[in-house]
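For reference, protein_18.txt is printed below; it contains compact mmCIF, C-alpha atoms.
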# COMPACT_ATOMS: atom_id res chain seq x y z
CA MET A 384 163.06 155.46 120.88
CA SER A 385 166.72 155.11 120.06
CA THR A 386 169.51 157.57 120.69
CA GLU A 387 172.81 157.56 118.91
CA ILE A 388 175.88 158.30 121.00
CA SER A 389 179.07 158.92 119.08
CA PHE A 390 182.65 159.53 120.11
CA THR A 391 185.96 159.90 118.36
CA ILE A 392 189.17 157.92 118.68
CA GLN A 393 192.37 159.69 117.84
CA GLY A 394 194.60 157.51 115.68
CA ASP A 395 198.40 157.44 115.75
CA SER A 396 200.48 159.87 113.68
CA GLU A 397 199.65 157.89 110.52
CA GLY A 398 195.91 157.62 111.23
CA TYR A 399 195.94 154.02 112.46
CA VAL A 400 193.52 152.84 115.17
CA THR A 401 193.91 149.71 117.33
CA PHE A 402 191.60 146.68 116.99
CA GLU A 403 191.57 143.40 118.89
CA CYS A 404 190.84 139.88 117.61
CA PRO A 405 187.90 138.25 119.43
CA TYR A 406 189.47 134.79 118.95
CA CYS A 407 193.15 135.17 119.80
CA GLY A 408 193.08 138.55 121.58
CA SER A 409 195.93 139.95 119.46
CA GLU A 410 196.02 143.65 118.66
CA PHE A 411 196.54 145.17 115.23
CA LYS A 412 196.00 148.58 113.64
CA LEU A 413 193.89 149.67 110.69
CA GLN A 414 193.68 153.02 108.97
CA ALA A 415 190.56 154.83 110.14
CA GLY A 416 189.82 156.08 106.60
CA GLU A 417 189.88 152.57 105.15
CA PHE A 418 187.87 151.07 108.01
CA GLN A 419 185.16 153.72 107.69
CA ASN A 420 185.21 154.06 103.90
CA GLU A 421 181.56 154.55 102.92
CA ASP A 422 182.25 153.54 99.31
CA GLU A 423 183.39 150.10 100.45
CA PRO A 424 181.40 149.36 103.62
CA LEU A 425 182.69 146.49 105.72
CA GLU A 426 180.64 143.76 107.34
CA GLU A 427 183.40 141.58 108.71
CA LEU A 428 187.11 141.55 109.38
CA PHE A 429 189.77 138.83 109.42
CA CYS A 430 192.34 138.68 112.19
CA PRO A 431 195.76 139.34 110.61
CA TYR A 432 197.36 136.86 113.02
CA CYS A 433 195.03 133.85 113.24
CA GLY A 434 193.10 134.59 110.03
CA LEU A 435 189.67 133.86 111.50
CA THR A 436 186.76 136.13 110.65
CA LYS A 437 183.84 137.72 112.50
CA ASP A 438 181.59 140.78 112.18
CA LYS A 439 183.57 144.03 112.34
CA ASN A 440 182.15 145.20 115.67
CA SER A 441 183.58 142.13 117.39
CA PHE A 442 187.05 143.49 116.64
CA LEU A 443 186.60 146.70 118.63
CA SER A 444 189.22 146.91 121.34
CA LYS A 445 188.41 146.59 125.05
CA ASP A 446 189.06 150.33 125.57
CA VAL A 447 186.55 151.25 122.87
CA VAL A 448 183.89 148.90 124.26
CA GLU A 449 184.52 150.21 127.80
CA LYS A 450 184.17 153.79 126.63
CA ALA A 451 180.95 153.00 124.75
CA HIS A 452 179.52 151.34 127.89
CA ALA A 453 180.58 154.31 130.03
CA LEU A 454 178.99 156.82 127.65
CA ALA A 455 175.77 154.80 127.48
CA TYR A 456 175.72 154.55 131.29
CA ASN A 457 176.30 158.29 131.66
CA TYR A 458 173.50 159.03 129.19
CA MET A 459 171.13 156.80 131.18
CA VAL A 460 172.17 158.46 134.47
CA GLU A 461 171.61 161.96 133.06
CA GLU A 462 168.17 161.03 131.72
CA LEU A 463 167.16 159.48 135.06
CA ASN A 464 168.46 162.52 136.98
CA LYS A 465 166.52 164.84 134.65
CA SER A 466 163.29 162.85 135.13
CA PHE A 467 163.62 162.74 138.92
CA LYS A 468 164.47 166.45 139.07
CA LYS A 469 161.32 167.18 137.09
CA MET A 470 159.26 164.92 139.33
CA GLN A 471 160.75 166.56 142.44
CA ARG A 472 159.82 170.03 141.18
CA SER A 473 156.33 168.92 140.34
CA VAL A 474 155.75 167.23 143.75
CA ASN A 475 157.23 170.09 145.79
CA ARG A 476 155.30 172.75 143.85
CA SER A 477 151.92 171.36 145.00
CA LYS A 478 152.68 172.38 148.65
CA GLY A 479 151.06 169.22 150.02
CA ILE A 480 152.20 167.21 152.99
CA ILE A 481 154.46 165.08 150.82
CA LYS A 482 157.88 166.47 150.01
CA MET A 483 160.29 164.80 147.61
CA ASP A 484 164.05 164.85 147.70
CA PHE A 485 166.49 162.80 145.68
CA LYS A 486 170.19 162.28 145.42
CA PRO A 487 171.36 162.47 141.78
CA LEU A 488 173.20 159.42 140.46
CA LYS A 489 176.86 160.01 139.65
CA THR A 490 178.29 159.63 136.17
CA VAL A 491 181.47 157.65 135.57
CA ALA A 492 184.66 159.19 134.26
CA THR A 493 185.53 158.56 130.61
CA LYS A 494 188.98 158.82 129.12
CA GLU A 495 190.07 160.13 125.74
CA LEU A 496 191.04 157.34 123.36
CA LYS A 497 194.30 158.08 121.66
CA ASP A 498 196.51 155.62 119.78
CA LYS A 499 200.24 155.98 120.26
CA ASP A 500 202.90 155.28 117.67
CA THR A 501 204.16 151.74 118.20
CA THR A 502 206.66 149.39 116.59
CA GLU A 503 204.33 147.42 114.34
CA THR A 504 205.23 146.80 110.69
CA GLU A 505 202.96 148.21 107.99
CA PHE A 506 201.75 145.85 105.27
CA THR A 507 199.77 146.57 102.12
CA CYS A 508 197.54 143.81 100.76
CA THR A 509 198.46 142.91 97.20
CA CYS A 510 194.85 141.90 96.58
CA CYS A 511 192.80 144.89 97.89
CA GLU A 512 195.67 147.36 98.43
CA ARG A 513 194.49 148.27 101.93
CA LYS A 514 196.87 148.57 104.84
CA VAL A 515 197.39 146.95 108.24
CA LYS A 516 199.99 147.36 110.97
CA VAL A 517 201.01 144.21 112.84
CA LEU A 518 203.84 142.83 114.93
CA TYR A 519 205.73 140.68 112.48
CA CYS A 520 208.57 138.22 112.56
CA ALA A 521 209.90 137.54 109.06
CA GLY A 522 209.93 133.86 108.15
CA ALA A 523 208.19 132.76 111.35
CA ALA A 524 204.68 134.17 110.99
CA LYS A 525 201.98 134.69 108.40
CA VAL A 526 200.02 137.90 108.11
CA PHE A 527 196.49 137.89 106.68
CA CYS A 528 194.71 140.86 105.16
CA PRO A 529 192.00 142.00 107.63
CA TYR A 530 189.72 143.01 104.76
CA CYS A 531 189.94 140.20 102.20
CA GLY A 532 191.54 137.45 104.30
CA VAL A 533 194.31 136.43 101.89
CA ASP A 534 197.83 136.00 103.24
CA ILE A 535 200.09 138.97 102.59
CA MET B 1011 200.33 121.44 96.25
CA ASN B 1012 201.57 124.82 95.05
CA ARG B 1013 201.47 128.08 96.94
CA VAL B 1014 198.29 129.40 95.32
CA GLU B 1015 196.37 126.21 96.12
CA LEU B 1016 197.64 126.29 99.69
CA ARG B 1017 196.55 129.94 100.08
CA LYS B 1018 193.11 129.07 98.74
CA LEU B 1019 192.87 126.08 101.08
CA SER B 1020 193.91 128.26 104.03
CA LEU B 1021 191.30 130.90 103.23
CA GLU B 1022 188.59 128.29 102.72
CA PHE B 1023 189.51 126.54 105.96
CA ARG B 1024 189.49 129.80 107.92
CA ARG B 1025 186.10 130.73 106.49
CA ILE B 1026 184.55 127.34 107.37
CA SER B 1027 186.16 127.39 110.83
CA SER B 1028 184.93 130.93 111.52
CA ASN B 1029 181.40 130.00 110.47
CA PHE B 1030 181.57 127.01 112.77
CA LEU B 1031 182.87 129.08 115.71
CA ASN B 1032 180.12 131.67 115.17
CA SER B 1033 177.32 129.10 114.92
CA THR B 1034 173.90 129.73 116.40
CA ASP B 1035 171.31 127.23 117.57
CA ASP B 1036 169.88 126.99 114.04
CA THR B 1037 173.17 126.56 112.23
CA ALA B 1038 175.45 124.70 114.64
CA ASP B 1039 174.77 121.15 113.40
CA VAL B 1040 175.03 122.10 109.73
CA ASN B 1041 178.24 124.05 110.32
CA LEU B 1042 179.68 121.14 112.30
CA SER B 1043 178.91 118.73 109.45
CA ARG B 1044 180.45 121.07 106.89
CA PHE B 1045 183.55 121.44 109.03
CA VAL B 1046 183.87 117.65 109.49
CA ASN B 1047 183.38 117.03 105.77
CA PHE B 1048 185.96 119.64 104.89
CA ILE B 1049 188.69 118.31 107.16
CA THR B 1050 188.02 114.65 106.40
CA GLU B 1051 187.72 115.01 102.62
CA ASN B 1052 190.76 117.19 102.05
CA GLU B 1053 193.91 115.07 101.83
CA ILE B 1054 196.23 117.74 103.25
CA LEU B 1055 194.10 118.49 106.29
CA LYS B 1056 193.45 114.79 106.81
CA ASN B 1057 197.21 114.19 106.82
CA TYR B 1058 197.85 116.99 109.32
CA ILE B 1059 195.44 115.35 111.73
CA SER B 1060 196.49 111.76 111.15
CA ASN B 1061 200.19 112.67 111.51
CA LYS B 1062 199.43 114.26 114.84
CA ILE B 1063 197.17 111.61 116.33
CA LYS B 1064 198.48 108.35 114.91
CA ASP B 1065 199.74 106.03 117.63
CA VAL B 1066 198.00 108.20 120.26
CA GLU B 1067 195.88 106.23 122.70
CA TYR B 1068 193.34 108.51 124.34
CA ASP B 1069 189.61 108.29 124.95
CA PHE B 1070 187.81 111.58 124.25
CA GLU B 1071 185.14 110.64 126.84
CA GLU B 1072 187.69 111.42 129.58
CA CYS B 1073 188.31 114.91 128.25
CA PHE B 1074 184.65 115.81 127.74
CA ASP B 1075 183.24 113.86 130.67
CA ILE B 1076 180.83 111.87 128.50
CA GLY B 1077 178.32 109.84 130.47
CA CYS B 1078 178.47 111.86 133.68
CA SER B 1079 175.35 112.83 135.56
CA GLY B 1080 174.93 116.52 136.41
CA TRP B 1081 177.17 119.25 134.96
CA ALA B 1082 180.01 117.91 132.86
CA ASP B 1083 183.62 118.94 133.56
CA TYR B 1084 185.97 119.81 130.74
CA LYS B 1085 189.27 118.10 131.51
CA PRO B 1086 191.73 118.63 128.65
CA PRO B 1087 194.78 116.33 128.73
CA LYS B 1088 198.27 117.79 129.18
CA ASP B 1089 199.61 116.20 126.02
CA GLU B 1090 198.75 118.25 122.93
CA ALA B 1091 198.39 115.23 120.63
CA CYS B 1092 195.89 113.67 123.05
CA HIS B 1093 193.99 116.95 123.15
CA ILE B 1094 193.81 117.14 119.35
CA LYS B 1095 192.69 113.51 119.21
CA ALA B 1096 189.99 114.13 121.82
CA ALA B 1097 188.64 117.15 119.90
CA TYR B 1098 188.67 115.26 116.60
CA ASP B 1099 186.99 112.15 118.03
CA TYR B 1100 184.37 114.27 119.79
CA LEU B 1101 183.66 116.06 116.53
CA LEU B 1102 183.07 112.74 114.77
CA PHE B 1103 181.00 111.50 117.73
CA ILE B 1104 178.58 114.44 117.40
CA ASN B 1105 178.52 114.29 113.62
CA ASP B 1106 178.02 110.53 113.28
CA ASN B 1107 175.51 110.04 116.07
CA GLU B 1108 171.95 110.93 115.07
CA LYS B 1109 170.77 111.26 118.65
CA VAL B 1110 173.51 113.75 119.55
CA ASN B 1111 173.58 117.40 118.53
CA VAL B 1112 175.58 120.52 119.31
CA ARG B 1113 172.88 122.19 121.42
CA GLY B 1114 172.48 119.09 123.58
CA GLN B 1115 176.21 118.76 124.08
CA SER B 1116 176.64 122.47 124.90
CA MET B 1117 173.91 122.20 127.56
CA ARG B 1118 175.88 119.55 129.42
CA TYR B 1119 178.28 122.27 130.59
CA CYS B 1120 177.61 125.16 132.94
CA TRP B 1121 177.93 128.56 131.23
CA SER B 1122 177.63 132.07 132.60
CA SER B 1123 175.37 133.39 129.82
CA ARG B 1124 171.62 132.84 129.67
CA LYS B 1125 171.63 133.03 125.87
CA ILE B 1126 171.65 129.69 124.10
CA ASN B 1127 173.66 131.06 121.14
CA ASP B 1128 176.39 132.39 123.45
CA ASN B 1129 176.56 129.02 125.15
CA ILE B 1130 176.78 127.15 121.85
CA GLN B 1131 179.62 129.42 120.72
CA SER B 1132 181.42 129.03 124.04
CA PHE B 1133 181.05 125.26 123.77
CA ILE B 1134 182.41 125.10 120.21
CA ASP B 1135 185.29 127.38 121.19
CA MET B 1136 186.12 125.25 124.22
CA ALA B 1137 185.84 121.89 122.49
CA PHE B 1138 187.10 122.48 118.95
CA LYS B 1139 189.21 125.66 118.83
CA PRO B 1140 192.42 123.72 119.70
CA LEU B 1141 191.88 121.53 116.64
CA ILE B 1142 191.17 124.59 114.44
CA ASP B 1143 194.29 126.36 115.77
CA TYR B 1144 196.41 123.28 115.12
CA ILE B 1145 195.27 122.95 111.48
CA ASN B 1146 195.57 126.71 110.93
CA ASP B 1147 199.13 126.70 112.28
CA GLN B 1148 200.10 123.78 110.07
CA LEU B 1149 198.73 125.56 106.99
CA SER B 1150 200.60 128.75 107.92
CA MET B 1151 203.83 126.84 108.50
CA ASP B 1152 203.55 125.13 105.12
CA MET B 1153 202.95 128.52 103.51
CA ILE B 1154 206.04 129.90 105.27
CA VAL B 1155 208.10 126.98 103.97
CA LEU B 1156 206.76 127.52 100.44
CA ASP B 1157 207.48 131.26 100.75
CA GLU B 1158 211.04 130.55 101.74
CA GLU B 1159 211.43 128.08 98.88
CA GLY B 1160 209.95 130.66 96.51
CA LYS B 1161 212.52 133.19 97.66
CA THR B 1162 215.33 130.86 96.64
CA VAL B 1163 214.11 131.31 93.07
CA GLY B 1164 213.28 134.97 92.75
CA GLY B 1165 213.05 136.81 96.05
CA ASN B 1166 215.44 139.04 97.91
CA THR B 1167 216.61 136.37 100.32
CA PHE B 1168 218.45 133.49 98.73
CA ILE B 1169 218.90 130.21 100.57
CA GLN B 1170 221.49 128.54 98.45
CA GLN B 1171 222.23 124.89 98.97
CA ILE B 1172 225.75 124.07 97.89
CA GLY B 1173 226.96 120.48 97.83
CA THR B 1174 230.71 120.55 97.46
CA VAL B 1175 232.43 123.68 96.27
CA ASN B 1176 235.66 123.17 94.46
CA GLY B 1177 237.37 126.38 93.49
CA SER B 1178 235.47 129.63 93.78
CA ALA B 1179 231.73 130.19 93.66
CA ASN B 1180 230.57 133.57 92.46
CA GLN B 1181 227.05 134.76 93.13
CA GLN B 1182 225.92 138.16 91.99
CA VAL B 1183 222.40 138.99 93.07
CA SER B 1184 220.73 141.90 94.77
CA GLY B 1185 219.56 141.06 98.28
CA VAL B 1186 220.76 138.78 101.05
CA ILE B 1187 222.34 135.43 100.38
CA ASN B 1188 222.15 132.77 103.08
CA SER B 1189 224.30 129.84 102.05
CA TYR B 1190 224.68 126.57 103.84
CA ASN B 1191 226.40 123.42 102.90
CA THR B 1192 224.05 120.45 102.84
CA ASN B 1193 226.97 118.06 103.10
CA ASN B 1194 227.60 119.43 106.53
CA ASP B 1195 224.02 119.85 107.81
CA ALA B 1196 224.81 118.77 111.35
CA THR B 1197 227.46 121.45 111.88
CA GLU B 1198 225.20 124.13 110.44
CA ILE B 1199 222.27 123.06 112.61
CA LEU B 1200 224.45 123.01 115.72
CA ALA B 1201 225.74 126.49 114.90
CA LEU B 1202 222.18 127.75 114.43
CA ILE B 1203 221.07 126.23 117.74
CA ASP B 1204 224.04 127.88 119.50
CA LYS B 1205 222.89 131.18 117.99
CA LEU B 1206 219.21 130.73 118.90
CA LEU B 1207 219.53 129.41 122.46
CA PRO B 1208 220.74 132.75 123.98
CA ALA B 1209 217.89 134.60 122.19
CA LEU B 1210 215.37 132.52 124.15
CA GLU B 1211 216.62 134.00 127.42
CA LYS B 1212 215.60 137.46 126.19
CA MET B 1213 212.03 136.54 125.32
CA GLN B 1214 209.47 138.41 127.38
CA ASN B 1215 205.83 137.61 128.19
CA VAL B 1216 206.29 133.94 127.32
CA ASP B 1217 205.63 131.24 129.86
CA ALA B 1218 208.95 129.97 131.27
CA ASP B 1219 207.69 126.39 130.83
CA LYS B 1220 207.29 126.94 127.09
CA ILE B 1221 210.80 128.36 126.83
CA ASP B 1222 212.18 125.43 128.85
CA SER B 1223 210.27 123.03 126.64
CA VAL B 1224 211.70 124.43 123.39
CA LYS B 1225 215.16 124.53 124.99
CA ASP B 1226 214.78 120.82 125.75
CA ASP B 1227 213.78 120.23 122.12
CA LEU B 1228 216.82 122.13 120.86
CA GLU B 1229 219.05 120.19 123.24
CA VAL B 1230 217.57 116.89 122.03
CA VAL B 1231 218.46 117.92 118.47
CA GLN B 1232 222.00 118.82 119.59
CA GLU B 1233 222.35 115.49 121.38
CA GLN B 1234 221.07 113.47 118.42
CA LEU B 1235 223.26 115.30 115.92
CA LYS B 1236 226.31 114.56 118.01
CA ALA B 1237 225.33 110.90 118.39
CA GLU B 1238 226.86 108.26 116.13
CA THR B 1239 223.42 107.02 115.06
CA PRO B 1240 220.87 109.84 115.41
CA LYS B 1241 217.35 108.62 116.17
CA LYS B 1242 214.79 109.78 113.61
CA SER B 1243 211.81 109.54 115.99
CA ARG B 1244 213.48 111.70 118.67
CA LEU B 1245 214.49 114.30 116.09
CA LYS B 1246 210.96 114.35 114.65
CA LYS B 1247 209.40 114.84 118.08
CA ALA B 1248 211.82 117.66 118.88
CA LEU B 1249 211.14 119.24 115.49
CA ASP B 1250 207.38 119.18 116.15
CA GLY B 1251 208.02 120.98 119.45
CA ILE B 1252 210.19 123.63 117.77
CA LYS B 1253 207.60 124.15 115.01
CA LYS B 1254 204.84 124.56 117.55
CA PHE B 1255 206.87 127.04 119.57
CA VAL B 1256 207.68 129.11 116.47
CA GLY B 1257 204.02 129.00 115.43
CA ASP B 1258 202.67 129.90 118.89
CA PHE B 1259 205.11 132.64 119.79
CA SER B 1260 206.17 134.09 116.48
CA MET B 1261 204.91 137.55 117.51
CA LYS B 1262 206.78 137.53 120.81
CA LEU B 1263 209.78 136.01 119.07
CA ALA B 1264 209.96 139.15 116.96
CA VAL B 1265 210.58 141.25 120.05
CA SER B 1266 213.30 139.02 121.40
CA LEU B 1267 214.89 138.67 118.00
CA ALA B 1268 215.26 142.39 117.60
CA ALA B 1269 217.22 142.51 120.81
CA SER B 1270 219.62 139.71 119.99
CA ALA B 1271 220.41 140.08 116.28
CA VAL B 1272 218.75 136.82 115.34
CA THR B 1273 216.46 136.95 112.34
CA GLY B 1274 213.18 135.11 111.85
CA SER B 1275 214.65 133.27 108.91
CA ASP B 1276 217.14 131.66 111.31
CA TRP B 1277 214.24 129.77 112.92
CA SER B 1278 212.73 128.76 109.58
CA MET B 1279 216.17 127.79 108.29
CA LEU B 1280 216.70 125.65 111.39
CA ILE B 1281 213.35 123.93 110.79
CA GLN B 1282 214.17 123.36 107.13
CA GLN B 1283 217.63 122.01 107.88
CA ILE B 1284 216.39 119.61 110.55
CA GLU B 1285 213.68 118.42 108.13
CA SER B 1286 216.30 117.93 105.45
CA PHE B 1287 218.57 116.09 107.92
CA ILE B 1288 215.72 113.79 109.00
CA GLY B 1289 214.88 113.13 105.34
CA LYS B 1290 218.38 111.77 104.79
CA LEU B 1291 218.27 109.36 107.74
Spit out the file's structure as structure tokens when you get a sec.
Amino acid sequence: MSTEISFTIQGDSEGYVTFECPYCGSEFKLQAGEFQNEDEPLEELFCPYCGLTKDKNSFLSKDVVEKAHALAYNYMVEELNKSFKKMQRSVNRSKGIIKMDFKPLKTVATKELKDKDTTETEFTCTCCERKVKVLYCAGAAKVFCPYCGVDI
Amino acid sequence: MNRVELRKLSLEFRRISSNFLNSTDDTADVNLSRFVNFITENEILKNYISNKIKDVEYDFEECFDIGCSGWADYKPPKDEACHIKAAYDYLLFINDNEKVNVRGQSMRYCWSSRKINDNIQSFIDMAFKPLIDYINDQLSMDMIVLDEEGKTVGGNTFIQQIGTVNGSANQQVSGVINSYNTNNDATEILALIDKLLPALEKMQNVDADKIDSVKDDLEVVQEQLKAETPKKSRLKKALDGIKKFVGDFSMKLAVSLAASAVTGSDWSMLIQQIESFIGKL
């Protein structure tokens, strides 16, 4: 049995959401619409800073992973609490010498994910025409397209 | 090599490196061999490595604790060139030795995960990522230099090298013109260093040691330029340090630059001018 838990991340004022490179730890922003475009599904991303590539889920930011863990934990806690509550009712209904009591597990707090407007520079890839926002220093850094990997 | 070829090489290198870093138990040895073949067969990559490690005396067995009994300790040397040499020699050691493989080497170290694939990836990251980063940085720097050169022909920023100007020089182009006189490189470089040194003070989130180190490099350049007979080797070493700093902290540099009215092209111009100065020695 598998259960799908979904949640939303609010992008910045231009619809950009933060990602994090699993190799160098640098943060960059991608447009949610381009990242989730069903016509052009993605399997992997390139880091715009170091240019290395990995499957797209590895680029989810720490906040997103934390929230996913918290939601999964809360789901498990609620299911366990429901099962024990049911068992408690069933045991106590029989009016035998055994009584059951249980203390429900507590869920953890989750926070809303919201990207703020920051000072990154927006680039459009000349090859695939998709966009990325990165911290950029002209003449002293190279920026790679997160989708096709070419330098912008 | 032209810009397109360099871009293709960079993409190909990043793809092979990423595959190597993401290796699993089944693919680690093949990916290692492909990576070794790629960096040893390509002249440009081979030169990057040989330029860095020539004249370096360091035994990789010290760094990777080869031959120890029990868990091995990873002891990277302080000197970057020694570190690169150790990673490169270790790579060849695994590739050339039939009795040695990636899984076996990864199991010499103590890892927190119980999954063999995680441990193999952690091992490759620990042992070979510095070498990958070094080559990647060199490729990016060469692309930056080619970009800047390209702009002198048709971009918005013009770096115009003027020998001797007699009379008036008229330039009418749209964009920014950065002119410097190659006959007076030393003065220009010294002026650039004077401009860049205060910007370093404003850099945030960068290790003070790294800032001190690049300051030392800039001061070495100043000292050599003022000397009657500048020493090529000292200038080259300082230039390598400056290049590494610019490569490592380019993102943080952007923040400090914004605060002190220094542009990124000042750093690349400094690198170009020092290179040009060294070329004339």
Which of A:Cys508, A:Ile392, A:Val517, A:Cys407 sits closest to A:Lys450 [using only C-alpha atoms]: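 Among the listed residues, the smallest separation from A:Lys450 belongs to A:Ile392.
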If we count all atoms listed in the file, what is near A:Gly408 at a cut-off of 12 Å, once residues fewer than 2 positions away on the same chain are taken out, given as a list in words?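 In the requested format, the answer is Thr401, Phe402, Glu403, Cys404, Pro405, Tyr406, Glu410, Phe411, Cys430, Pro431, Tyr432, Cys433, Leu435, Ser441, Phe442, Leu443, Ser444 and Lys445 of chain A.
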Name the residues in contact with stretch 493-496 of chain A at a cut-off of 12 Å, using all atoms listed in the file, excluding same-chain residues fewer than 2 positions from it; report them as number ranges by chain. A: 390-395, 400-401, 444-457, 490-491, 498-499
Restricted to C-alpha atoms, what would the selected residues look like written as a CSV table (one decimal), in the coordinates of the input?
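Saved the output as again05.csv:
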chain,number,residue,atom,x,y,z
A,390,PHE,CA,182.6,159.5,120.1
A,391,THR,CA,186.0,159.9,118.4
A,392,ILE,CA,189.2,157.9,118.7
A,393,GLN,CA,192.4,159.7,117.8
A,394,GLY,CA,194.6,157.5,115.7
A,395,ASP,CA,198.4,157.4,115.8
A,400,VAL,CA,193.5,152.8,115.2
A,401,THR,CA,193.9,149.7,117.3
A,444,SER,CA,189.2,146.9,121.3
A,445,LYS,CA,188.4,146.6,125.0
A,446,ASP,CA,189.1,150.3,125.6
A,447,VAL,CA,186.6,151.2,122.9
A,448,VAL,CA,183.9,148.9,124.3
A,449,GLU,CA,184.5,150.2,127.8
A,450,LYS,CA,184.2,153.8,126.6
A,451,ALA,CA,181.0,153.0,124.8
A,452,HIS,CA,179.5,151.3,127.9
A,453,ALA,CA,180.6,154.3,130.0
A,454,LEU,CA,179.0,156.8,127.6
A,455,ALA,CA,175.8,154.8,127.5
A,456,TYR,CA,175.7,154.6,131.3
A,457,ASN,CA,176.3,158.3,131.7
A,490,THR,CA,178.3,159.6,136.2
A,491,VAL,CA,181.5,157.6,135.6
A,498,ASP,CA,196.5,155.6,119.8
A,499,LYS,CA,200.2,156.0,120.3
Go through A:Lys412, A:Lys465, A:Lys486, A:Lys525 and flag the residue nearest chain B, using all atoms listed in the file for the distances.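 Among the listed residues, A:Lys525 lies closest to chain B.
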Name all residues at most 8 Å from B:Ser1033 (count only C-alpha atoms; drop same-chain ones fewer than 3 positions away) and give them as a list in words.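 Returned residues: Asn1029, Phe1030, Asp1036, Thr1037, Ala1038, Asn1041, Asn1127, Ile1130 and Gln1131 of chain B.
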Which one is closest to B:Ile1049: B:Asp1227, B:Glu1022, B:Asp1135, B:Glu1285? Count only C-alpha atoms.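 Selected residue with least distance to B:Ile1049: B:Glu1022.
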Skip stretch 526-532 of chain A itself and residues of its chain fewer than 6 positions away, then list as a VMD selection string all residues within 10 Å of it, counting only C-alpha atoms. (chain A and resid 411 to 413 417 to 418 425 to 436 439 506 to 520) or (chain B and resid 1017 1020 to 1022 1024 to 1025 1150)
Atom CA of B:Val1256 and atom CA of B:Asp1219, how far apart in Å? 14.6 Å
Counting all atoms listed in the file, which residues come within 9 Å of (192.8, 156.9, 106.7), with the point read in the file's coordinates, and could you list them as a PDB file with C-alpha atoms, keeping the file's coordinate frame?
ATOM      1  CA  GLU A 397     199.650 157.890 110.520  1.00  0.00           C
ATOM      2  CA  GLY A 398     195.910 157.620 111.230  1.00  0.00           C
ATOM      3  CA  TYR A 399     195.940 154.020 112.460  1.00  0.00           C
ATOM      4  CA  LEU A 413     193.890 149.670 110.690  1.00  0.00           C
ATOM      5  CA  GLN A 414     193.680 153.020 108.970  1.00  0.00           C
ATOM      6  CA  ALA A 415     190.560 154.830 110.140  1.00  0.00           C
ATOM      7  CA  GLY A 416     189.820 156.080 106.600  1.00  0.00           C
ATOM      8  CA  GLU A 417     189.880 152.570 105.150  1.00  0.00           C
ATOM      9  CA  PHE A 418     187.870 151.070 108.010  1.00  0.00           C
ATOM     10  CA  GLN A 419     185.160 153.720 107.690  1.00  0.00           C
ATOM     11  CA  ASN A 420     185.210 154.060 103.900  1.00  0.00           C
TER      12      ASN A 420
END
So how far away is atom CA of B:Lys1242 from atom CA of B:Lys1290, in Å?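 It comes out at 9.7 Å.
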Please indicate the distance in Å from atom CA of B:Ile1104 to atom CA of B:Glu1053, rounded to one decimal place.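 That distance, rounded to one decimal, is 21.9 Å.
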Residue contacts of A:Asn464 (9 Å, all atoms listed in the file) excluding same-chain residues fewer than 4 positions away, as a ChimeraX atom specification: /A:459-460,468-469,485-488
Go through A:Ile481, A:Asn440, A:Ser466, A:Ser409 one by one, measure the shortest atom-to-atom distance of each to chain B using all atoms listed in the file, and give the residue with the smallest value.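 Smallest separation from chain B among the options: A:Ser409.
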Which residue is closest to chain A? Choose from B:Phe1103, B:Tyr1098, B:Tyr1119, B:Phe1023 and count only C-alpha atoms.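 Ranking B:Phe1103, B:Tyr1098, B:Tyr1119, B:Phe1023 by distance to chain A, first place goes to B:Phe1023.
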I'd like to know which of B:Ala1091, B:Leu1202, B:Ile1288, B:Met1279 is closest to B:Thr1239, using all atoms listed in the file. B:Ile1288
May I have the centre and edge lengths, in Å to one decimal, of an axis-aligned box around the listed atoms of stretch 412-424 of chain A with 5 Å added to every side, as lines of an AutoDock Vina configuration file?
center_x = 188.7
center_y = 152.3
center_z = 106.5
size_x = 24.6
size_y = 17.5
size_z = 24.3
